[in-house]
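Student: Just one file: final-v1.cif, with mmCIF, C-alpha atoms and all ligand atoms.
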data_start
#
loop_
_atom_site.label_atom_id
_atom_site.label_comp_id
_atom_site.auth_asym_id
_atom_site.auth_seq_id
_atom_site.Cartn_x
_atom_site.Cartn_y
_atom_site.Cartn_z
CA MET A 1 2.04 -17.05 -15.98
CA LYS A 2 2.96 -15.93 -12.53
CA ARG A 3 4.03 -12.53 -11.26
CA ILE A 4 7.44 -12.60 -9.58
CA ASN A 5 7.66 -8.94 -8.56
CA LYS A 6 6.36 -8.57 -5.01
CA LEU A 7 3.21 -6.57 -4.49
CA PRO A 8 3.26 -4.43 -1.37
CA GLN A 9 1.58 -6.07 1.60
CA GLU A 10 0.73 -2.82 3.32
CA LEU A 11 -1.58 -1.42 0.65
CA ILE A 12 -3.36 -2.09 -2.65
CA PRO A 13 -1.00 -0.40 -5.13
CA LEU A 14 -2.05 1.80 -8.04
CA SER A 15 -0.26 0.17 -10.97
CA PRO A 16 2.56 -2.26 -10.29
CA PRO A 17 4.16 -3.93 -13.33
CA PHE A 18 3.61 -7.58 -14.24
CA ILE A 19 7.02 -9.28 -14.33
CA THR A 20 7.47 -13.04 -14.74
CA THR A 21 10.46 -15.39 -14.92
CA ASP A 22 10.48 -14.80 -18.73
CA GLU A 23 11.70 -11.23 -18.25
CA GLU A 24 14.14 -12.33 -15.55
CA LYS A 25 15.68 -15.02 -17.78
CA ALA A 26 15.88 -12.75 -20.82
CA VAL A 27 17.70 -10.01 -18.91
CA GLN A 28 20.11 -12.59 -17.53
CA LYS A 29 20.80 -13.78 -21.09
CA VAL A 30 21.55 -10.24 -22.18
CA LEU A 31 23.88 -9.63 -19.27
CA ARG A 32 25.75 -12.86 -19.92
CA SER A 33 26.05 -12.08 -23.64
CA GLY A 34 27.90 -8.85 -22.93
CA ILE A 35 25.91 -7.14 -25.70
CA LEU A 36 24.08 -4.45 -23.78
CA GLY A 37 23.12 -2.13 -26.61
CA LEU A 38 21.89 -2.31 -30.21
CA GLY A 39 21.50 -6.09 -30.10
CA LYS A 40 19.08 -8.69 -31.33
CA TYR A 41 16.51 -8.12 -28.57
CA LEU A 42 16.15 -4.51 -29.69
CA GLU A 43 15.39 -5.59 -33.25
CA ALA A 44 13.03 -8.32 -32.11
CA PHE A 45 11.16 -5.98 -29.75
CA GLU A 46 10.76 -3.38 -32.50
CA LYS A 47 9.43 -6.05 -34.83
CA SER A 48 6.99 -7.35 -32.20
CA ILE A 49 5.47 -3.88 -31.75
CA ALA A 50 5.31 -3.18 -35.49
CA ASP A 51 3.58 -6.55 -36.03
CA PHE A 52 1.15 -6.00 -33.18
CA VAL A 53 0.21 -2.44 -34.14
CA GLY A 54 0.27 -3.21 -37.85
CA THR A 55 2.77 -0.58 -38.99
CA LYS A 56 5.73 -1.07 -41.31
CA TYR A 57 8.30 0.38 -38.92
CA ALA A 58 8.95 0.69 -35.20
CA ILE A 59 11.83 2.50 -33.51
CA ALA A 60 12.61 1.78 -29.86
CA VAL A 61 13.54 4.79 -27.75
CA SER A 62 14.58 5.48 -24.18
CA SER A 63 11.20 6.87 -23.08
CA GLY A 64 7.82 7.97 -24.37
CA THR A 65 8.90 11.57 -23.90
CA ALA A 66 12.04 10.99 -26.00
CA GLY A 67 9.86 9.42 -28.69
CA LEU A 68 7.48 12.39 -28.72
CA HIS A 69 10.36 14.86 -28.86
CA ALA A 70 12.09 13.10 -31.76
CA SER A 71 8.75 12.77 -33.58
CA VAL A 72 8.00 16.48 -33.29
CA VAL A 73 11.55 17.25 -34.50
CA THR A 74 10.74 15.45 -37.78
CA LEU A 75 7.99 18.03 -38.41
CA GLY A 76 10.71 20.66 -38.96
CA LEU A 77 8.84 23.34 -37.02
CA LYS A 78 10.02 26.93 -36.87
CA PRO A 79 9.63 29.25 -33.87
CA GLY A 80 6.05 30.51 -33.87
CA ASP A 81 4.64 27.43 -35.59
CA GLU A 82 1.64 26.02 -33.78
CA VAL A 83 0.65 22.49 -32.87
CA ILE A 84 -2.84 21.71 -31.62
CA THR A 85 -3.02 19.40 -28.62
CA SER A 86 -4.98 18.46 -25.51
CA PRO A 87 -4.62 20.23 -22.15
CA PHE A 88 -5.83 17.07 -20.40
CA SER A 89 -2.73 14.93 -20.67
CA PHE A 90 0.56 14.08 -19.09
CA VAL A 91 2.95 17.03 -19.55
CA SER A 92 5.14 15.23 -22.12
CA SER A 93 2.73 15.73 -24.99
CA ALA A 94 2.86 19.54 -24.76
CA ASN A 95 6.51 19.60 -23.69
CA ALA A 96 7.58 17.83 -26.89
CA ILE A 97 6.21 20.84 -28.80
CA LEU A 98 7.92 23.33 -26.47
CA TYR A 99 11.28 21.54 -26.87
CA CYS A 100 11.06 22.47 -30.58
CA GLN A 101 10.43 26.18 -29.88
CA ALA A 102 6.94 25.78 -31.29
CA LYS A 103 3.69 26.76 -29.62
CA PRO A 104 1.28 24.23 -28.15
CA VAL A 105 -2.27 25.41 -28.81
CA PHE A 106 -4.68 23.71 -26.45
CA VAL A 107 -8.16 22.73 -27.49
CA ASP A 108 -10.66 21.68 -24.81
CA ILE A 109 -11.71 18.07 -24.41
CA ASP A 110 -14.92 16.12 -24.83
CA PRO A 111 -16.47 15.43 -21.40
CA GLU A 112 -17.38 11.85 -22.36
CA THR A 113 -14.14 10.62 -23.94
CA LEU A 114 -11.75 13.06 -22.17
CA ASN A 115 -9.93 13.34 -25.52
CA ILE A 116 -9.47 16.50 -27.56
CA ASN A 117 -12.90 17.56 -28.81
CA PRO A 118 -12.80 17.54 -32.63
CA GLU A 119 -15.66 20.06 -32.72
CA ASN A 120 -13.34 22.64 -31.11
CA ILE A 121 -10.32 22.10 -33.35
CA GLU A 122 -11.23 24.00 -36.52
CA SER A 123 -11.62 27.37 -34.78
CA ALA A 124 -8.13 26.96 -33.27
CA ILE A 125 -6.45 26.47 -36.65
CA THR A 126 -4.45 29.47 -37.90
CA LYS A 127 -1.94 30.10 -40.70
CA SER A 128 0.79 28.99 -38.29
CA THR A 129 -0.79 25.62 -37.47
CA LYS A 130 1.43 22.80 -38.72
CA ALA A 131 0.24 19.72 -36.90
CA ILE A 132 -2.19 18.10 -34.48
CA LEU A 133 -0.83 16.08 -31.57
CA PRO A 134 -3.85 14.25 -30.14
CA VAL A 135 -3.60 12.05 -27.05
CA HIS A 136 -5.54 8.80 -26.64
CA ILE A 137 -6.05 9.49 -22.97
CA PHE A 138 -6.32 6.55 -20.56
CA GLY A 139 -6.25 4.21 -23.56
CA TYR A 140 -9.37 5.61 -25.26
CA PRO A 141 -8.91 6.21 -29.00
CA ILE A 142 -9.48 9.66 -30.48
CA ASN A 143 -12.26 10.38 -32.94
CA TYR A 144 -10.00 9.57 -35.84
CA ALA A 145 -12.48 10.19 -38.66
CA LYS A 146 -13.10 13.80 -37.67
CA ILE A 147 -9.47 14.62 -36.90
CA LYS A 148 -8.25 13.07 -40.13
CA LYS A 149 -10.77 15.11 -42.12
CA LEU A 150 -9.49 18.34 -40.56
CA ALA A 151 -5.86 17.33 -41.04
CA GLU A 152 -6.52 16.71 -44.73
CA LYS A 153 -8.47 19.92 -45.20
CA TYR A 154 -5.73 22.09 -43.67
CA LYS A 155 -2.75 19.90 -44.67
CA LEU A 156 -1.68 19.23 -41.09
CA LYS A 157 0.51 16.40 -39.89
CA ILE A 158 -0.72 14.14 -37.10
CA VAL A 159 1.54 12.82 -34.34
CA GLU A 160 -0.39 10.49 -32.01
CA ASP A 161 0.48 10.40 -28.34
CA ALA A 162 -0.39 6.72 -27.92
CA CYS A 163 1.66 6.41 -24.73
CA GLU A 164 -1.32 5.12 -22.74
CA SER A 165 -3.07 3.15 -25.44
CA LEU A 166 -1.20 0.11 -26.74
CA GLY A 167 -3.87 -2.20 -28.18
CA ALA A 168 -6.76 0.31 -28.33
CA THR A 169 -8.74 0.29 -31.58
CA TYR A 170 -10.93 2.62 -33.62
CA LYS A 171 -13.20 0.81 -36.11
CA GLY A 172 -11.04 -2.26 -35.59
CA LYS A 173 -7.85 -0.38 -36.48
CA LYS A 174 -5.19 -0.15 -33.80
CA VAL A 175 -4.07 3.24 -32.55
CA GLY A 176 -0.64 3.99 -33.94
CA ASN A 177 -2.00 3.91 -37.51
CA PHE A 178 -3.85 7.22 -37.48
CA GLY A 179 -1.08 9.72 -38.04
CA ASN A 180 2.28 10.20 -39.69
CA LEU A 181 3.88 9.03 -36.46
CA ALA A 182 2.71 7.58 -33.16
CA VAL A 183 4.47 7.03 -29.85
CA PHE A 184 3.96 4.37 -27.17
CA ALA A 185 5.47 4.43 -23.68
CA PHE A 186 6.63 1.65 -21.38
CA TYR A 187 7.11 3.20 -17.97
CA PRO A 188 6.09 0.65 -15.28
CA ASN A 189 2.55 2.06 -14.97
CA LYS A 190 1.71 1.45 -18.66
CA GLN A 191 0.13 -1.71 -20.08
CA ILE A 192 3.55 -3.21 -20.77
CA THR A 193 6.86 -2.01 -19.37
CA THR A 194 10.56 -1.98 -20.17
CA GLY A 195 11.44 0.03 -17.04
CA GLU A 196 11.97 3.26 -18.94
CA GLY A 197 11.25 3.07 -22.64
CA GLY A 198 9.10 3.95 -25.60
CA MET A 199 8.45 3.15 -29.26
CA ILE A 200 7.76 5.29 -32.30
CA VAL A 201 5.77 3.65 -35.10
CA THR A 202 5.24 4.78 -38.67
CA ASN A 203 4.45 3.57 -42.17
CA ASN A 204 6.64 6.21 -43.77
CA LYS A 205 10.12 5.15 -44.86
CA GLU A 206 11.64 8.65 -44.85
CA ASP A 207 10.36 9.34 -41.35
CA TYR A 208 11.72 5.98 -40.25
CA THR A 209 15.20 6.67 -41.65
CA LEU A 210 15.25 10.18 -40.19
CA LEU A 211 14.13 8.99 -36.75
CA LYS A 212 16.63 6.14 -36.66
CA SER A 213 19.32 8.75 -37.15
CA LEU A 214 17.85 11.40 -34.80
CA ILE A 215 17.61 9.02 -31.86
CA ASN A 216 21.15 7.76 -32.49
CA GLN A 217 23.12 11.03 -32.28
CA GLY A 218 22.30 12.06 -35.84
CA ARG A 219 24.44 9.34 -37.34
CA GLY A 220 24.13 8.88 -41.07
CA ASP A 221 23.66 5.59 -42.85
CA SER A 222 27.29 5.42 -43.98
CA GLY A 223 27.81 2.99 -41.13
CA GLN A 224 30.54 5.21 -39.72
CA TRP A 225 29.99 5.34 -35.95
CA LEU A 226 31.74 8.68 -35.62
CA SER A 227 30.13 10.38 -38.59
CA HIS A 228 27.20 12.63 -37.62
CA ASP A 229 25.00 14.05 -40.37
CA LYS A 230 22.77 16.17 -38.21
CA LEU A 231 22.09 17.32 -34.67
CA GLY A 232 20.73 14.23 -32.96
CA PHE A 233 20.05 12.84 -29.51
CA ASN A 234 20.94 9.76 -27.56
CA TYR A 235 17.43 8.36 -27.24
CA ARG A 236 18.40 4.72 -27.79
CA MET A 237 16.82 1.90 -25.80
CA ASP A 238 19.29 -0.46 -24.11
CA GLU A 239 19.28 -4.21 -24.64
CA MET A 240 18.09 -5.15 -21.12
CA SER A 241 15.00 -2.97 -21.56
CA ALA A 242 14.36 -4.41 -25.02
CA ALA A 243 14.58 -7.96 -23.62
CA VAL A 244 11.98 -7.11 -20.97
CA GLY A 245 9.77 -5.51 -23.63
CA LEU A 246 9.94 -8.51 -25.93
CA MET A 247 8.93 -10.85 -23.10
CA GLN A 248 6.07 -8.51 -22.16
CA MET A 249 4.84 -8.58 -25.78
CA LYS A 250 4.73 -12.39 -25.67
CA LYS A 251 1.87 -12.04 -23.20
CA ILE A 252 0.27 -8.86 -24.52
CA LYS A 253 -3.10 -10.54 -25.15
CA TYR A 254 -3.21 -11.87 -21.62
CA ILE A 255 -2.14 -8.54 -20.13
CA LEU A 256 -4.76 -6.54 -22.04
CA SER A 257 -7.58 -8.98 -21.34
CA SER A 258 -6.70 -9.25 -17.66
CA ARG A 259 -6.76 -5.45 -17.29
CA LYS A 260 -10.02 -5.22 -19.20
CA LYS A 261 -11.60 -7.89 -17.02
CA ALA A 262 -10.61 -5.95 -13.91
CA ALA A 263 -11.95 -2.69 -15.34
CA LEU A 264 -15.28 -4.23 -16.31
CA TYR A 265 -15.63 -5.73 -12.85
CA TYR A 266 -15.06 -2.28 -11.34
CA LYS A 267 -17.65 -0.80 -13.70
CA ARG A 268 -20.20 -3.47 -12.82
CA ILE A 269 -19.86 -2.80 -9.10
CA LEU A 270 -19.80 1.00 -9.35
CA LYS A 271 -22.58 1.25 -11.93
CA LYS A 272 -25.34 1.85 -9.41
CA ASN A 273 -23.55 4.67 -7.64
CA ASN A 274 -24.56 8.02 -9.11
CA LEU A 275 -21.81 9.91 -7.27
CA ILE A 276 -19.12 7.93 -9.07
CA LYS A 277 -18.93 8.06 -12.85
CA THR A 278 -16.80 5.49 -14.65
CA LEU A 279 -15.31 5.85 -18.12
CA ARG A 280 -16.61 4.33 -21.33
CA ASP A 281 -15.41 1.01 -22.55
CA ASP A 282 -16.36 -0.36 -25.93
CA ASP A 283 -18.99 0.48 -28.41
CA THR A 284 -19.06 -0.47 -32.05
CA VAL A 285 -16.41 2.10 -32.98
CA TYR A 286 -14.09 2.65 -30.01
CA SER A 287 -12.33 0.03 -27.93
CA ARG A 288 -10.29 1.11 -24.92
CA SER A 289 -7.00 -0.42 -23.83
CA TRP A 290 -7.16 -0.15 -20.05
CA GLN A 291 -4.05 1.70 -18.90
CA ALA A 292 -5.66 3.15 -15.78
CA PHE A 293 -9.03 2.97 -14.04
CA ILE A 294 -10.33 6.49 -13.60
CA VAL A 295 -13.52 7.60 -11.91
CA LEU A 296 -15.05 11.07 -11.98
CA LEU A 297 -16.46 12.10 -8.63
CA ASP A 298 -19.66 14.11 -8.38
CA LYS A 299 -19.25 17.85 -7.73
CA SER A 300 -20.66 17.37 -4.22
CA ILE A 301 -17.70 15.16 -3.23
CA ASP A 302 -14.47 16.41 -1.69
CA ARG A 303 -11.78 14.52 -3.58
CA ASN A 304 -8.96 15.18 -1.12
CA LYS A 305 -11.07 13.82 1.70
CA THR A 306 -12.00 10.80 -0.41
CA MET A 307 -8.32 10.10 -1.10
CA ALA A 308 -7.43 10.49 2.57
CA ILE A 309 -10.07 7.92 3.52
CA LEU A 310 -8.84 5.52 0.83
CA LYS A 311 -5.30 5.95 2.10
CA LYS A 312 -6.41 5.11 5.64
CA ASN A 313 -7.98 1.96 4.21
CA LYS A 314 -4.63 1.12 2.59
CA ILE A 315 -5.67 1.85 -0.96
CA GLN A 316 -3.51 3.93 -3.27
CA SER A 317 -5.20 6.51 -5.50
CA LYS A 318 -4.06 9.53 -7.51
CA PRO A 319 -5.71 12.69 -8.85
CA TYR A 320 -5.05 11.88 -12.54
CA LEU A 321 -4.57 14.14 -14.47
CA PRO A 322 -3.99 17.82 -13.71
CA SER A 323 -4.57 20.09 -16.73
CA ILE A 324 -1.24 21.01 -18.30
CA HIS A 325 -1.96 24.72 -18.66
CA LEU A 326 -2.54 24.98 -14.90
CA GLN A 327 0.82 23.43 -13.98
CA PRO A 328 3.10 25.81 -12.05
CA TYR A 329 5.79 25.85 -14.75
CA TRP A 330 3.25 26.85 -17.35
CA LYS A 331 2.84 30.31 -15.77
CA LYS A 332 6.26 31.22 -17.15
CA ILE A 333 5.55 29.77 -20.58
CA ASN A 334 1.99 30.83 -21.07
CA ALA A 335 2.27 29.75 -24.69
CA SER A 336 -1.43 29.28 -25.10
CA ALA A 337 -2.96 29.33 -21.67
CA GLY A 338 -6.56 30.24 -21.38
CA ARG A 339 -9.59 28.63 -19.94
CA PHE A 340 -10.46 25.07 -20.84
CA PRO A 341 -13.45 24.42 -18.61
CA VAL A 342 -14.02 20.75 -19.46
CA SER A 343 -10.37 19.86 -18.94
CA GLU A 344 -10.28 21.86 -15.71
CA SER A 345 -13.44 20.36 -14.23
CA THR A 346 -12.29 16.86 -15.21
CA SER A 347 -8.93 17.50 -13.54
CA ALA A 348 -10.76 18.61 -10.41
CA SER A 349 -12.88 15.48 -10.13
CA SER A 350 -10.89 12.59 -11.61
CA LEU A 351 -9.36 9.90 -9.47
CA ALA A 352 -7.24 6.92 -10.51
CA LEU A 353 -7.90 3.69 -8.63
CA PRO A 354 -5.67 0.60 -8.53
CA LEU A 355 -5.67 -1.30 -11.82
CA TYR A 356 -3.11 -3.84 -12.91
CA THR A 357 -2.61 -7.17 -14.62
CA ASP A 358 -3.83 -10.11 -12.50
CA MET A 359 -5.49 -7.85 -9.93
CA LYS A 360 -7.55 -10.00 -7.56
CA GLN A 361 -11.33 -9.66 -7.73
CA SER A 362 -11.43 -9.47 -3.93
CA ASP A 363 -9.12 -6.43 -4.06
CA ILE A 364 -11.38 -4.74 -6.61
CA GLU A 365 -14.34 -5.39 -4.29
CA LYS A 366 -12.37 -3.93 -1.39
CA VAL A 367 -11.51 -0.78 -3.36
CA CYS A 368 -15.13 -0.30 -4.45
CA LEU A 369 -16.53 -0.80 -0.96
CA SER A 370 -14.00 1.61 0.46
CA LEU A 371 -14.64 4.19 -2.25
CA GLU A 372 -18.42 4.04 -1.88
CA LYS A 373 -18.14 4.54 1.88
CA ALA A 374 -15.55 7.28 1.39
CA VAL A 375 -17.69 9.37 -0.98
CA GLU A 376 -20.59 9.21 1.46
CA ARG A 377 -18.35 10.62 4.16
CA ALA A 378 -16.69 13.14 1.85
CA ARG A 379 -19.84 14.98 0.77
CA ARG A 380 -19.34 18.70 0.96
C1 LIG B 401 3.47 8.12 -19.95
C2 LIG B 401 3.07 9.15 -20.89
C3 LIG B 401 4.01 9.85 -21.66
C4 LIG B 401 5.50 9.79 -21.47
O1 LIG B 401 6.09 8.61 -21.32
P1 LIG B 401 7.46 8.46 -20.52
O2 LIG B 401 7.91 7.12 -20.96
O3 LIG B 401 7.14 8.53 -19.06
O4 LIG B 401 8.40 9.52 -20.94
C5 LIG B 401 3.53 10.76 -22.59
N1 LIG B 401 2.23 11.00 -22.74
C6 LIG B 401 1.30 10.36 -22.01
C7 LIG B 401 -0.14 10.67 -22.25
C8 LIG B 401 1.69 9.43 -21.05
O5 LIG B 401 0.76 8.83 -20.30
#
Starting from the coordinates I provided, produce the structure as structure tokens.
Ligand SMILES: *Cc1c(COP(=O)(O)O)cnc(C)c1O

Tutor:
Amino acid sequence: MKRINKLPQELIPLSPPFITTDEEKAVQKVLRSGILGLGKYLEAFEKSIADFVGTKYAIAVSSGTAGLHASVVTLGLKPGDEVITSPFSFVSSANAILYCQAKPVFVDIDPETLNINPENIESAITKSTKAILPVHIFGYPINYAKIKKLAEKYKLKIVEDACESLGATYKGKKVGNFGNLAVFAFYPNKQITTGEGGMIVTNNKEDYTLLKSLINQGRGDSGQWLSHDKLGFNYRMDEMSAAVGLMQMKKIKYILSSRKKAALYYKRILKKNNLIKTLRDDDTVYSRSWQAFIVLLDKSIDRNKTMAILKKNKIQSKPYLPSIHLQPYWKKINASAGRFPVSESTSASSLALPLYTDMKQSDIEKVCLSLEKAVERARR
């Protein structure tokens, strides 16, 4: 299995995709077939994800964001309805709620897992709360037992944002099985890619039928292409993307284990440095799928300076992730802003380092050496 996409020579990149001749050949086949949409690769890719995650149904969509939007639409929310979610996430998870005129209610995160803290959820539940939209951030599964208990007690739906967590497990069960619906994403910086793309998974037949229609312009199941039952969207995935996705899934085990190996090597090297905290991997309950390699810098370290030094040493890094409620556009929305100190302090100290399939050990060593020198020089 050999990467055919060129890695940049001038720097160690953050998260390039892993493309082989399999993907190249499959896309060529699609192009030569002339069937560029709603073809057999789409069906096969959906089946490969459903089989891997262990759900009855999977629905390919044009992006993770599209998948989250369509999923929240199925909840049938009314203006003023509330959905509990994490402020420490990529903006899509909260935006999907805003698109439906509902109100995202943020609940602060757990400083160890960086996921929504289940202990803080109950006090945020009101009469208007209809659902919880937890995010398995950086591929680390949520505390499913506690969230499920609350969802049952208050009759709330769960939509998982699993966009960063294909292959992660909680008590041996893959993420994607914890809610009514779950969404994966396949942008090039995720574990597997289709270019742009995403996948909704569910075990519920009604949700499946509804979503199939919603993402295909609200078409009914009469088979009439120009008959639209409801207001829908064009969130379909094209056949070239599906072909790439299917080929990526053929090597999913290799991709996940290669990323994990790289992450564990990072952790081993950085373990002794008490200015650089790395994220949890496995214990008996939680198993991470390594989408990104994030470190939390000690309060005494200037992150911007650290990044500037890394950049000089030709290493890409990013301040993943800013808290959603502090984003500039949020000032105008202010749906449920407030202070979320754990999310905010995590956002201020977190740094993503290069992590990708087949990353060379020598490059990991180079990043670590550079980072350790950088934090020494970037002390405030
Ligand atoms: C990537 C990502 C998304 C959105 O996926 P797109 O395919 O880029 O639309 C949503 N939520 C999280 C947490 C993500 O990381």

Student: Got a sec to check which residues lie within 8 Å of ligand LIG 401 (chain B), using all atoms listed in the file, and send them as a list in words?

Tutor: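 For ligand LIG 401 (chain B), the residues inside 8 Å are Ser62, Ser63, Gly64, Thr65, Ala66, Gly67, Leu68, Ser89, Phe90, Val91, Ser92, Ser93, Val135, His136, Ile137, Phe138, Asp161, Ala162, Cys163, Glu164, Phe184, Ala185, Phe186, Tyr187, Asn189, Lys190, Glu196, Gly197 and Gly198 of chain A.
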
Student: Hey, what's within 12 Å of stretch 368-373 of chain A if we count all atoms listed in the file and toss same-chain stuff fewer than 2 positions away? As a PyMOL selection string, please?

Tutor: chain A and resi 12+262-263+265-278+293+295-297+301+303+305-317+351-354+361-366+375-379

Student: May I ask for the distance between atom CA of A:Lys250 and atom CA of A:Asp358, given in Å to one decimal place?

Tutor: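 It comes out at 15.9 Å.
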
Student: Just checking: using all atoms listed in the file, which residue out of A:Ile19, A:Ile59, A:Val30, A:Ala124 ends up closest to A:Lys205?

Tutor: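 Looking only at the distances to A:Lys205, the closest residue turns out to be A:Ile59.
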
Student: Which residues, written as a list of chain:residue names, have at least one atom at most 10 Å from A:Gln191, with all atoms listed in the file counted and residues fewer than 3 positions away on the same chain left out?

Tutor: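 Listing them by chain and then by number gives A:Ser15, A:Pro17, A:Phe18, A:Gly139, A:Cys163, A:Glu164, A:Ser165, A:Leu166, A:Gly167, A:Ala185, A:Phe186, A:Tyr187, A:Pro188, A:Gln248, A:Ile252, A:Ile255, A:Leu256, A:Arg259, A:Ser289, A:Trp290, A:Gln291, A:Ala292, A:Tyr356, A:Thr357.
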
Student: Which residue out of A:Gly195, A:Gly223, A:Pro87, A:Pro134 has the minimum interatomic distance to A:Met237 when only C-alpha atoms are used?

Tutor: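 So, comparing all the options, the nearest one is A:Gly195.
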
Student: Determine, counting all atoms listed in the file, which protein, DNA and RNA residues have an atom within 6 Å of an atom of A:Asp229; residues of the same chain fewer than 6 positions away are not included. Present the result as a ChimeraX atom specification.

Tutor: /A:218-220

Student: Have a look at A:Ser222, A:Thr126, A:Asn143, A:Ser71 and name the one nearest to A:Thr169; count all atoms listed in the file.

Tutor: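 Closest to A:Thr169, using all atoms listed in the file: A:Asn143.
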
Student: May I have the residues within 7 Å of A:Glu239 as a PyMOL selection string, using all atoms listed in the file and disregarding those fewer than 6 positions away in the same chain?

Tutor: chain A and resi 30+36-39+41-42

Student: Can you write out the residues you just picked, keeping C-alpha atoms, as a short mmCIF file (atom, residue, chain, number, x, y, z; two decimals), in the frame of the given file?

Tutor:
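Saved result, part.cif, follows:
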data_model
loop_
_atom_site.label_atom_id
_atom_site.label_comp_id
_atom_site.auth_asym_id
_atom_site.auth_seq_id
_atom_site.Cartn_x
_atom_site.Cartn_y
_atom_site.Cartn_z
CA VAL A 30 21.55 -10.24 -22.18
CA LEU A 36 24.08 -4.45 -23.78
CA GLY A 37 23.12 -2.13 -26.61
CA LEU A 38 21.89 -2.31 -30.21
CA GLY A 39 21.50 -6.09 -30.10
CA TYR A 41 16.51 -8.12 -28.57
CA LEU A 42 16.15 -4.51 -29.69
#

Student: For atom CA of A:Lys56 and atom CA of A:Val159, quote the distance in Å rounded to one decimal.

Tutor: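 Distance reported for this atom pair: 16.1 Å.
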